[in-house]
>>> print(open('start01.tsv').read())   # TSV, C-alpha atoms and all ligand atoms
chain	number	residue	atom	x	y	z
F	6	MET	CA	0.00	0.00	0.00
F	7	LYS	CA	1.39	3.35	-1.08
F	8	GLN	CA	0.67	6.58	0.72
F	9	PHE	CA	1.01	10.28	-0.02
F	10	GLU	CA	0.45	13.27	2.24
F	11	CYS	CA	-0.20	16.53	0.46
F	12	GLY	CA	1.26	18.41	3.42
F	13	SER	CA	4.72	17.18	2.38
F	14	LEU	CA	4.27	19.15	-0.85
F	15	VAL	CA	1.88	21.93	0.16
F	16	PRO	CA	2.58	23.01	3.74
F	17	GLY	CA	-0.57	23.14	5.85
F	18	CYS	CA	-2.66	20.84	3.69
F	19	SER	CA	-3.95	17.83	5.61
F	20	TRP	CA	-5.20	15.87	2.56
F	21	HIS	CA	-3.71	12.45	2.08
F	22	THR	CA	-4.41	9.32	0.07
F	23	GLU	CA	-3.33	5.75	-0.24
F	24	ALA	CA	-3.66	3.05	-2.90
F	25	GLU	CA	-2.16	-0.29	-3.88
F	26	GLU	CA	-0.23	1.18	-6.82
F	27	SER	CA	1.94	4.28	-6.71
F	28	ALA	CA	0.54	5.20	-10.13
F	29	GLU	CA	-2.92	5.39	-8.58
F	30	VAL	CA	-1.61	7.55	-5.73
F	31	VAL	CA	0.01	9.91	-8.24
F	32	LYS	CA	-3.22	10.07	-10.24
F	33	ARG	CA	-5.28	10.93	-7.17
F	34	ALA	CA	-2.71	13.44	-5.94
F	35	ALA	CA	-2.64	15.18	-9.33
F	36	GLU	CA	-6.44	15.38	-9.25
F	37	HIS	CA	-6.32	16.86	-5.74
F	38	LEU	CA	-3.70	19.43	-6.74
F	39	ARG	CA	-5.90	20.47	-9.65
F	40	VAL	CA	-9.11	20.75	-7.62
F	41	ALA	CA	-7.79	22.03	-4.29
F	42	HIS	CA	-4.65	23.99	-5.20
F	43	GLY	CA	-5.49	25.39	-8.64
F	44	GLU	CA	-2.76	23.51	-10.50
F	45	THR	CA	-4.45	23.58	-13.90
F	46	VAL	CA	-1.50	21.84	-15.55
F	47	ILE	CA	0.29	19.02	-13.75
F	48	ARG	CA	3.86	19.30	-15.01
F	49	PRO	CA	6.26	16.32	-15.17
F	50	GLU	CA	8.34	17.82	-12.35
F	51	MET	CA	5.22	17.97	-10.20
F	52	VAL	CA	4.62	14.28	-10.87
F	53	GLU	CA	8.24	13.61	-9.85
F	54	ARG	CA	7.71	15.53	-6.61
F	55	ILE	CA	4.62	13.46	-5.86
F	56	LYS	CA	6.52	10.23	-6.59
F	57	GLU	CA	9.41	11.30	-4.35
F	58	ARG	CA	6.95	11.79	-1.49
F	59	THR	CA	4.97	8.61	-2.07
F	60	HIS	CA	5.97	5.94	0.41
F	61	GLU	CA	4.86	2.61	1.83
F	62	ALA	CA	1.97	2.99	4.26
F	63	GLY	CA	3.15	2.34	7.79
F	64	ASP	CA	6.79	3.00	6.87
F	65	ASN	CA	8.05	5.27	9.62
F	66	ARG	CA	11.73	5.10	8.78
F	67	HIS	CA	11.76	8.58	7.23
F	101	ZN	ZN	-3.46	19.54	-0.76
>>> encode(input="start01.tsv", output="structure tokens", more="lines below")
Ligand SMILES: [Zn+2]
Amino acid sequence: MKQFECGSLVPGCSWHTEAEESAEVVKRAAEHLRVAHGETVIRPEMVERIKERTHEAGDNRH
């Protein structure tokens, strides 16, 4: 299970998501950034940032 917290990208945002596949997490996160943060275009570097911050659920080693 992969997990992403928006607060790691947008300080103060408490939105988070989790899914079996990291691709699904990225998809959901991109949708959230569009709807909640006005990112009309999700650039490749934004996708990279999401991927960098996507981690295994329950992994507290970071
Ligand atoms: Zn957010």
>>> residues_around(input="start01.tsv", residues="segment 9-22 of chain F", least_positions_apart="6", cutoff="10 Å", atoms="all atoms listed in the file", output="NGL selection string")
:F and (29-31 or 33-34 or 37-38 or 41-42 or 51 or 54-62)
>>> atom_distance(input="start01.tsv", atom1="atom CA of Pro49 of chain F", atom2="atom CA of Gly63 of chain F")
27.1 Å
>>> atom_distance(input="start01.tsv", atom1="atom CA of Gln8 of chain F", atom2="atom CA of Ala28 of chain F")
10.9 Å
>>> atom_distance(input="start01.tsv", atom1="atom ZN of ligand ZN 101 (chain F)", atom2="atom CA of Gly43 of chain F")
10.0 Å
